[in-house]
Every structure is written in structure tokens, then in C-alpha cells.
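What follows is a short report on a single structure.
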Amino acid sequence: MKKLLKWLRYTLAIIILLIAGVLAVAYWNRDKLLAKLNTELNKGINGKFYIDKIDFTFFHNFPNFSVTLHKVYLRASHYEKYHRDVFFAEKIFADLGIYHLLKKEVKINSLSIDDANIFIYKAHNGDTNTDVFKKSQDSVTLKSPSKETPLIFNLQKLSFKNVSIAYADSVKNKFIKFQFLETEQSFAKEDSGFSTNIKGTMHFDSLFLNLKNGSYLKDKHTSVDLNVAINRLTDDLFIRSSTLVYKKNEIGLTGGFELKKEGNYTMVFSAKDISQEEVKTLLNPKLIRTLSKYNLSDPLSVDVYIRGRQIPGNVPDVDIAFETMQRTFQYKVLDFSELTLKGSFTNHIDDSKIKDNKNSKVTISSFKGMMEKIPVAGKVTFTELQDPVIDLSFTSKSSFKDINDHIDNNRLVLDKGDFITDVKYRGKLSEYLDRNRTSYQGKLKGSIKATDVSLHYKVKKIHLDKLQLKSSFDEKTFTIEELKLDVNGSPVSITGNMQNFIPFFIRPKNKGYVKLDVHSPNLDLTSLTTRKTSQTKSKERTKQSRKKMSDLLDLVYDRLEFDIALTVGQFKFRKFQASNFKGRLRLDNHLLQANPISMQVAGGIMNLNFSLKQVFDPISPMSVEAQLTNANIQELFLLFNNFNQKTIQAENLTGKISADVTF
């Protein structure tokens, strides 16, 4: 143990002597060392580095020997005019090779720069301080073996801590400012130029590419892994595969810039499963306002391709592809859930035209989900984005359970059935989203098919069963191509059309007109005149999303006028019964009119015109004009409830009657 301690003391003494020797050599040759450091720093620089003073330490990056440079600045040729240094640092730690130092030589292995500022500008008159990084005209060419290699390419390590960089271009109205909070840089010389890698944490103050649109990356803290290469023969800058991380969102980056006047550039961003709410804050205020219209709750994947020219006011080509799955999504009056979609955006539909909203397009190549609790799948494009025009097509395949989830079951309930709806629309988005629309300027086309449907409309006590429907519609007419159903047990077959009313799309402005041909072997209309029962306001009923279909049926009674051509084998209305019923019925709100009607009644033949007012009330005033031939008078009085009088009763009558009647 004592022997070990003895060797440790000897080793420590040797190290102390070595450190003292190195420090002694450094201090004895301080002026020469300062001059040599200046020489090293100025290699490959068309300007002048200045160092205020130097100190020495082993503690910055032990066991390396470090020289501390205080107040270092780089001055370019335009300093007298603009009084701005290209570079200023409070401290630079230069790690020197000890072996070379003992030989009174300077070899800088690595640099650490703390609390520094780099300012690059381009003035209106074309003056710039970027030429500080270029050799003067009498310098040797890049490929000359005698050319001095800049210090930066010989470094093993370059570290930044709190290094601020600002770039101001007065010609293109661009301003960029960011800080290297704590990063490491590496440089490598290549045949045609050099490459660099920057890795660590950065803070962006602002990134103005167009002053009127505002700043990107405003006051944002990020982690970066940037790979940049410069080709000095072709004056090109390349961003090789790189990443930028904001919070937990990782964004891939590649691109290229032509470092010449009006040069081309490209930028490609890609990201998987990022938060739209977080990432959109990296954009400028104009884009933030646009994206805020779309409330995306879940992550999305996006690829952005930007291509343009470095010309003041030039708008680049922008192409975006995106994909997302959203548990919920809301846009104005539309509510989606379990939504999956893929889409794209371009701002140059026609490359010969200005890149603005009129020349832009959003394409949703496919979407699938639940729209207001109804399953839908389709595609849509948006053009003329200032006041968007949409080209939409979608299909909805739903069951009676889907419909029941969407309606007020206190008023209407479906027992079974399946529905297929196909819709195509091209026109203004604003009119398509208008729930109170009474007409369309755009083009609407669609079809609805229903199979084996059974439903009960409680308000009117109507039960519809065995319903089969084939229908089509456009922006003007809803056509019932075929409708077969049982109405409270009465089989009915219907064809016809509706004007000024397209269910779920267009409401009647004043009146909607329904013209139908109805055939039935046996029809009982008594149930259609049942008085409307009052409904208590349940919590469920107050939800608008569950009232739309129920309210639609109320609208049928309140806002539609029916013109119905009837052919019925056996007809019944309250106590009235007839056979071989043919005629025309018109129902307008609370008024039912029949004109003309022919039928066999009470064993005779009747031709009549009649009207029934207040159809949905218990007592309905009726007006009749009839020609009756050879009818059983007792049966006739029974059918008409003794014509609402008590003087002459049916049981007191026998015989046949032919008459002209006004009642």
C-alpha cells in the first residue's frame, strides 16, 4: 500500500511539473503565441481577426491545454462605412496540441466559442460583408496545392455556446436571427468545397422571408441535426438529410440553394405523426390563421416541397402531401369522428399564372369516417380558395342503427333497414354548408336507395314497413323512381317528384311541391289525420344533431304541398269506405282537397269534389259536391256519420238513392 501511494505521489508530481512547464512555455512565449493564433485564425479569411488578450488553462477541457482568447472580433472591408463587425466573441477557448506547443508551434485541435454575435448583411446598394469569407482576387485557386487551408477544416471539434447569428438582406426584405444555445459543429473539406454538421439546441428569434406575412419560427426553441455542404465551384449550397425537433415533433429537412443573384432554391420538409396544434406555431401568422380554421385533435404526417427563385416578391411553388387519422374533426357546421384522410395542396395549378388563391387547390384524394354519426367515404377538391369552390363526391352506407343514433327517438324510430346514398356536388363551399339553403347555384346530383326499412313516426302514429326506395336528385328536383311500402298495413306503390325541396340539402323557401302517383289495393288514410301529440323536452331532444331528421318530417307537413294521383282498390278514411277509388288529392298544410274523385260507395257510384279543413284536428269541417247514382241510402248515411245531424238517422232509412249533393 505504501509503495502504491509512493508511485501516485511521483505520478502527481510529474503531472504538476508537466503542467507548470507547459504554462511556463506558454507565458514566456505569450506574444509569439498570440501572433501565431492570429495567423491561424486569419487563414482563408478576406478580413482581419483581432484578439484583445489571452490566458491559459488546463481546466476548460482537461487534459487538453486551452488558450482563452478574450474579446475576439472579425472586421470586414466595409467596417468604416457601417461600423458593424462580422463577428464578436467574449471568449474563445482554443485547445492546443501540447506536443506542438513544447516545440513552440501552434496547432489548434478544437475551438469553443462562448457568448458571441455574428452579423451578416446585404445593403440596398449591394454592399455585403459576406466577402470576408472569400480570398481576394490575387489568391490562388481552390485546387492549387499552395492554397492555405482555413483553420476551420483542420479542427477536430468546434463548439458554440450562446452564439447569436443575424442575417439582414435589405434587397429581398429578409431577416433571420437565431442562437446556437449549445451545439457542436464539424467541418470537412471536399474536392469542390466543404461540408458541415451542426448538432445541438438552438433558439430562433425570427425568420422573415416576406415581411408582410410575418415571421416563421418566432421565439422558438428547437433541437437540430443539420448537414450542409457548399460547392464553391458551382456556388451551390445543399442541405443534406437533416432534422429539426420542436417539442416532440421531428421534422426532416433537405434542400438546395444556388448562391447567385436570382438563383433557384428548393426545400423539402417531411414529418410523421406530428401535432398540428404545436407545429403550426412554427409558421408565420398568415398561415397560422389559415390552419386555425381546421381543428385537428390527433397527429398527422406531412411532406412539403418548396421551389422558387431568390427574387424580391417571388412566390415559390408549394406542394404538400398530408395524411391523418382524427378521432374528432370539426369544420364550421360539419362534425366528423373516426376520420381518415389523405390529401395534397398546390399553389400552381397553372404554372403560367400568378401563384395565389385562384391558382391553388386542396385535394382530399380519399376520406372515410363518421359525418354527424353517419358513415361516409369519398373525395373532394377545393379551388379558388378565397371563396372556395368544391368538387365533392361521397357515398354513405348506413343501417337503421346509424340513423337511430342520429335522430330523436322520442319522435321517430327505425326497426330495420339499410341505406345507400351517393352525392356529387360542384359549387361554392359556402352555399353547400348553408343549412337553410333554399336553392343552389352549384350542381348537385345524387341518389338514395333504401331496402327493407321499417319505421314508426310516433308524432303522427304512422308505421311504415317493407319500405324499398330508389330515388335520384339534382339541385332542382327529387325524383322517386320507385317506392314500395306498407302504411299502417296498407301496401302502397309510389312514383313522382318533389320541387323546391331536396331532403337534407334544400329547404322550401315558401312552399315545396310534391307530385305523386300512388297505387294501392287497400289504403286507409285515417291514421294520417291523427292529432299531433305534444312532446316533452328531453335532454336528448334539445340536441340539434338528433333533431334534424325528425324536424325534416315535420317540415313535410308544414311546408310542402302534395298533389297525389290515387288509384286504390279499397279506400278508407275514418268511417268512410269505398272501392275502385280513382282521383286526385291535394294536401296543403291543414287542407285536404279531392277533385275530381270517382268511386263505388254504398253499392252505388259516386263522383265528387270535397275539401277537408283542419285535417289534424279532432273535428274537421268538410265540404262536398257529389253526384250519387243508385246507392244504398242507409249505408250512405252510416259512411258519412249521418252528415253530422240527428234529425234523420241511418237506422230509419231503407232503399236506393240517386242525388246531386252539396254538403
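Within each chain, counting starts at residue 1; across the C-alpha cells, chains are named A, B, ... in the order shown, with ligands numbered 1 upward in that order.
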
_Among stretch 296-540 of chain A, which residues does DSSP mark as alpha helix (DSSP H) when it is run on the backbone? Keep the chain and numbering as in the structure and answer as number ranges by chain._
A: 400-404, 429-432

*Show which residues sit within 10 Å of A:Lys445, as number ranges by chain. Count only C-alpha atoms, and ignore same-chain residues fewer than 6 positions away.*
A: 393, 422-426, 472-478

*If you run DSSP on this backbone, which residues of stretch 448-630 of chain A come out as strand (DSSP E), and could you give them as a ChimeraX atom specification?*
/A:448-457,462-474,477-487,490-499,512-524,560-573,576-588,591-601,604-612,622-630

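Of note, atom CA of A:Tyr331 and atom CA of A:Lys272 are spaced 23.2 Å apart.
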
Please list as a tab-separated table (two decimals) with N, CA, C and O atoms, in the first residue's frame every residue within 9 Å of A:Lys379, counting only C-alpha atoms and excluding residues in the same chain fewer than 6 positions away.
chain	number	residue	atom	x	y	z
A	341	LEU	N	-58.02	10.44	-43.67
A	341	LEU	CA	-57.97	11.12	-44.96
A	341	LEU	C	-56.54	11.25	-45.47
A	341	LEU	O	-55.58	11.26	-44.72
A	363	THR	N	-56.68	19.04	-52.46
A	363	THR	CA	-57.30	17.80	-52.90
A	363	THR	C	-57.31	16.79	-51.75
A	363	THR	O	-56.26	16.48	-51.20
A	364	ILE	N	-58.48	16.34	-51.38
A	364	ILE	CA	-58.61	15.21	-50.45
A	364	ILE	C	-58.89	14.00	-51.33
A	364	ILE	O	-60.02	13.78	-51.78
A	365	SER	N	-57.84	13.23	-51.61
A	365	SER	CA	-57.99	12.12	-52.56
A	365	SER	C	-58.86	11.01	-52.00
A	365	SER	O	-59.48	10.26	-52.76
A	366	SER	N	-58.91	10.89	-50.69
A	366	SER	CA	-59.80	9.90	-50.07
A	366	SER	C	-60.08	10.30	-48.63
A	366	SER	O	-59.19	10.79	-47.94
A	367	PHE	N	-61.32	10.12	-48.20
A	367	PHE	CA	-61.66	10.29	-46.79
A	367	PHE	C	-62.70	9.25	-46.41
A	367	PHE	O	-63.50	8.79	-47.24
A	368	LYS	N	-62.67	8.88	-45.13
A	368	LYS	CA	-63.60	7.88	-44.63
A	368	LYS	C	-63.81	8.15	-43.14
A	368	LYS	O	-62.84	8.39	-42.41
A	391	ASP	N	-65.49	20.41	-55.36
A	391	ASP	CA	-65.94	19.34	-56.24
A	391	ASP	C	-65.94	18.09	-55.36
A	391	ASP	O	-64.90	17.50	-55.10
A	392	LEU	N	-67.14	17.71	-54.90
A	392	LEU	CA	-67.29	16.70	-53.86
A	392	LEU	C	-68.04	15.49	-54.38
A	392	LEU	O	-69.03	15.63	-55.11
A	393	SER	N	-67.57	14.32	-54.02
A	393	SER	CA	-68.35	13.11	-54.24
A	393	SER	C	-68.15	12.19	-53.04
A	393	SER	O	-67.03	12.02	-52.57
A	394	PHE	N	-69.24	11.64	-52.52
A	394	PHE	CA	-69.13	10.72	-51.39
A	394	PHE	C	-70.26	9.71	-51.42
A	394	PHE	O	-71.31	9.92	-52.05

_Residues within 7 Å of A:Leu283, only C-alpha atoms, excluding chain neighbours under 5 positions, as JSON, numbers by chain_ = {"A": [216, 217, 288]}

Selection file, all heavy atoms, as an mmCIF file, in the first residue's frame:
data_model
loop_
_atom_site.group_PDB
_atom_site.id
_atom_site.type_symbol
_atom_site.label_atom_id
_atom_site.label_comp_id
_atom_site.auth_asym_id
_atom_site.auth_seq_id
_atom_site.Cartn_x
_atom_site.Cartn_y
_atom_site.Cartn_z
ATOM 1 N N TYR A 216 -41.576 33.323 -39.471
ATOM 2 C CA TYR A 216 -41.588 31.911 -39.122
ATOM 3 C C TYR A 216 -40.753 31.716 -37.853
ATOM 4 O O TYR A 216 -39.902 32.541 -37.512
ATOM 5 C CB TYR A 216 -40.981 31.061 -40.235
ATOM 6 C CG TYR A 216 -41.790 30.989 -41.508
ATOM 7 C CD1 TYR A 216 -41.705 31.975 -42.485
ATOM 8 C CD2 TYR A 216 -42.635 29.911 -41.750
ATOM 9 C CE1 TYR A 216 -42.429 31.895 -43.662
ATOM 10 C CE2 TYR A 216 -43.369 29.818 -42.921
ATOM 11 C CZ TYR A 216 -43.257 30.817 -43.875
ATOM 12 O OH TYR A 216 -43.988 30.739 -45.038
ATOM 13 N N LEU A 217 -40.960 30.600 -37.174
ATOM 14 C CA LEU A 217 -40.134 30.182 -36.037
ATOM 15 C C LEU A 217 -39.942 31.295 -35.009
ATOM 16 O O LEU A 217 -38.883 31.424 -34.413
ATOM 17 C CB LEU A 217 -38.754 29.722 -36.530
ATOM 18 C CG LEU A 217 -38.747 28.452 -37.388
ATOM 19 C CD1 LEU A 217 -37.383 28.283 -38.042
ATOM 20 C CD2 LEU A 217 -39.092 27.226 -36.564
ATOM 21 N N ILE A 288 -50.807 30.545 -39.818
ATOM 22 C CA ILE A 288 -51.425 30.125 -38.556
ATOM 23 C C ILE A 288 -52.927 30.416 -38.584
ATOM 24 O O ILE A 288 -53.742 29.588 -38.179
ATOM 25 C CB ILE A 288 -50.758 30.832 -37.364
ATOM 26 C CG1 ILE A 288 -49.325 30.311 -37.172
ATOM 27 C CG2 ILE A 288 -51.565 30.603 -36.083
ATOM 28 C CD1 ILE A 288 -48.548 31.044 -36.111
#

*What's the 8 Å shell around stretch 295-307 of chain A, counting only C-alpha atoms, without same-chain residues fewer than 2 positions away, as a PyMOL selection string?*
chain A and resi 264-277+292-293+309+316-331

*Spatial neighbours of A:Glu482, 12 Å, only C-alpha atoms, chain gap at least 3 places, as a PyMOL selection string*: chain A and resi 447-451+467-472+479+485+492-497+516-519

Take the residues from that selection and put them in a file with N, CA and C atoms, as an mmCIF file, in the first residue's frame.
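Everything below was put into result-v5.cif:
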data_model
loop_
_atom_site.group_PDB
_atom_site.id
_atom_site.type_symbol
_atom_site.label_atom_id
_atom_site.label_comp_id
_atom_site.auth_asym_id
_atom_site.auth_seq_id
_atom_site.Cartn_x
_atom_site.Cartn_y
_atom_site.Cartn_z
ATOM 1 N N SER A 447 -78.219 10.061 -55.461
ATOM 2 C CA SER A 447 -79.229 9.008 -55.429
ATOM 3 C C SER A 447 -79.316 8.458 -54.017
ATOM 4 N N ILE A 448 -80.501 7.952 -53.674
ATOM 5 C CA ILE A 448 -80.723 7.307 -52.380
ATOM 6 C C ILE A 448 -81.429 5.981 -52.642
ATOM 7 N N LYS A 449 -80.901 4.936 -52.040
ATOM 8 C CA LYS A 449 -81.530 3.622 -52.098
ATOM 9 C C LYS A 449 -81.766 3.136 -50.675
ATOM 10 N N ALA A 450 -82.943 2.620 -50.444
ATOM 11 C CA ALA A 450 -83.270 2.065 -49.131
ATOM 12 C C ALA A 450 -83.880 0.683 -49.339
ATOM 13 N N THR A 451 -83.503 -0.264 -48.496
ATOM 14 C CA THR A 451 -84.022 -1.625 -48.622
ATOM 15 C C THR A 451 -84.498 -2.140 -47.264
ATOM 16 N N LEU A 467 -90.340 -1.073 -46.611
ATOM 17 C CA LEU A 467 -90.055 0.060 -47.493
ATOM 18 C C LEU A 467 -88.856 -0.238 -48.380
ATOM 19 N N GLN A 468 -89.055 -0.065 -49.702
ATOM 20 C CA GLN A 468 -87.999 -0.186 -50.703
ATOM 21 C C GLN A 468 -88.006 1.099 -51.529
ATOM 22 N N LEU A 469 -86.834 1.757 -51.661
ATOM 23 C CA LEU A 469 -86.788 3.055 -52.344
ATOM 24 C C LEU A 469 -85.639 3.111 -53.336
ATOM 25 N N LYS A 470 -85.942 3.626 -54.527
ATOM 26 C CA LYS A 470 -84.930 4.030 -55.489
ATOM 27 C C LYS A 470 -85.258 5.467 -55.888
ATOM 28 N N SER A 471 -84.300 6.362 -55.672
ATOM 29 C CA SER A 471 -84.563 7.776 -55.960
ATOM 30 C C SER A 471 -83.308 8.451 -56.473
ATOM 31 N N SER A 472 -83.491 9.571 -57.133
ATOM 32 C CA SER A 472 -82.371 10.387 -57.613
ATOM 33 C C SER A 472 -82.735 11.848 -57.445
ATOM 34 N N THR A 479 -86.502 12.998 -57.469
ATOM 35 C CA THR A 479 -87.356 12.068 -58.211
ATOM 36 C C THR A 479 -87.441 10.739 -57.485
ATOM 37 N N LEU A 485 -94.005 0.354 -50.080
ATOM 38 C CA LEU A 485 -94.053 0.293 -48.630
ATOM 39 C C LEU A 485 -95.447 -0.105 -48.168
ATOM 40 N N VAL A 492 -98.536 0.098 -50.548
ATOM 41 C CA VAL A 492 -98.578 1.281 -51.406
ATOM 42 C C VAL A 492 -97.376 1.256 -52.341
ATOM 43 N N SER A 493 -97.615 1.662 -53.586
ATOM 44 C CA SER A 493 -96.543 1.829 -54.562
ATOM 45 C C SER A 493 -96.597 3.262 -55.067
ATOM 46 N N ILE A 494 -95.434 3.948 -55.069
ATOM 47 C CA ILE A 494 -95.409 5.392 -55.344
ATOM 48 C C ILE A 494 -94.300 5.709 -56.341
ATOM 49 N N THR A 495 -94.604 6.598 -57.272
ATOM 50 C CA THR A 495 -93.606 7.267 -58.113
ATOM 51 C C THR A 495 -93.947 8.751 -58.120
ATOM 52 N N GLY A 496 -92.956 9.575 -58.486
ATOM 53 C CA GLY A 496 -93.229 11.013 -58.527
ATOM 54 C C GLY A 496 -91.988 11.841 -58.317
ATOM 55 N N ASN A 497 -92.197 13.110 -57.980
ATOM 56 C CA ASN A 497 -91.066 14.006 -57.774
ATOM 57 C C ASN A 497 -91.433 15.123 -56.822
ATOM 58 N N LEU A 516 -97.183 13.053 -56.827
ATOM 59 C CA LEU A 516 -97.005 11.613 -56.701
ATOM 60 C C LEU A 516 -98.118 10.859 -57.414
ATOM 61 N N ASP A 517 -97.752 9.685 -57.920
ATOM 62 C CA ASP A 517 -98.735 8.697 -58.390
ATOM 63 C C ASP A 517 -98.714 7.550 -57.394
ATOM 64 N N VAL A 518 -99.875 7.331 -56.753
ATOM 65 C CA VAL A 518 -99.966 6.346 -55.677
ATOM 66 C C VAL A 518 -100.938 5.241 -56.079
ATOM 67 N N HIS A 519 -100.460 4.014 -55.959
ATOM 68 C CA HIS A 519 -101.296 2.852 -56.258
ATOM 69 C C HIS A 519 -101.322 1.964 -55.025
#

*Could you name the residues that touch A:Leu111 at 10 Å or less, counting only C-alpha atoms, but leaving out those on the same chain fewer than 4 positions away, as number ranges by chain?*
A: 66-68, 92-96, 152, 155-160, 184-185

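Between atom CA of A:Ala659 and atom CA of A:Asn522 lies a distance of 27.3 Å.
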
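With only C-alpha atoms as the basis for measurement, A:Ile564 is the residue among A:Ala631, A:Val459, A:Asp465, A:Ile564 that approaches A:Met498 most closely.
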
*Between A:Ser579, A:Ser396, A:Thr201, A:Thr128, single out the one closest to A:Val163, counting only C-alpha atoms.*
A:Thr201

*So how many Å separate atom CA of A:Asn500 and atom CA of A:Tyr432, to one decimal?*
15.7 Å
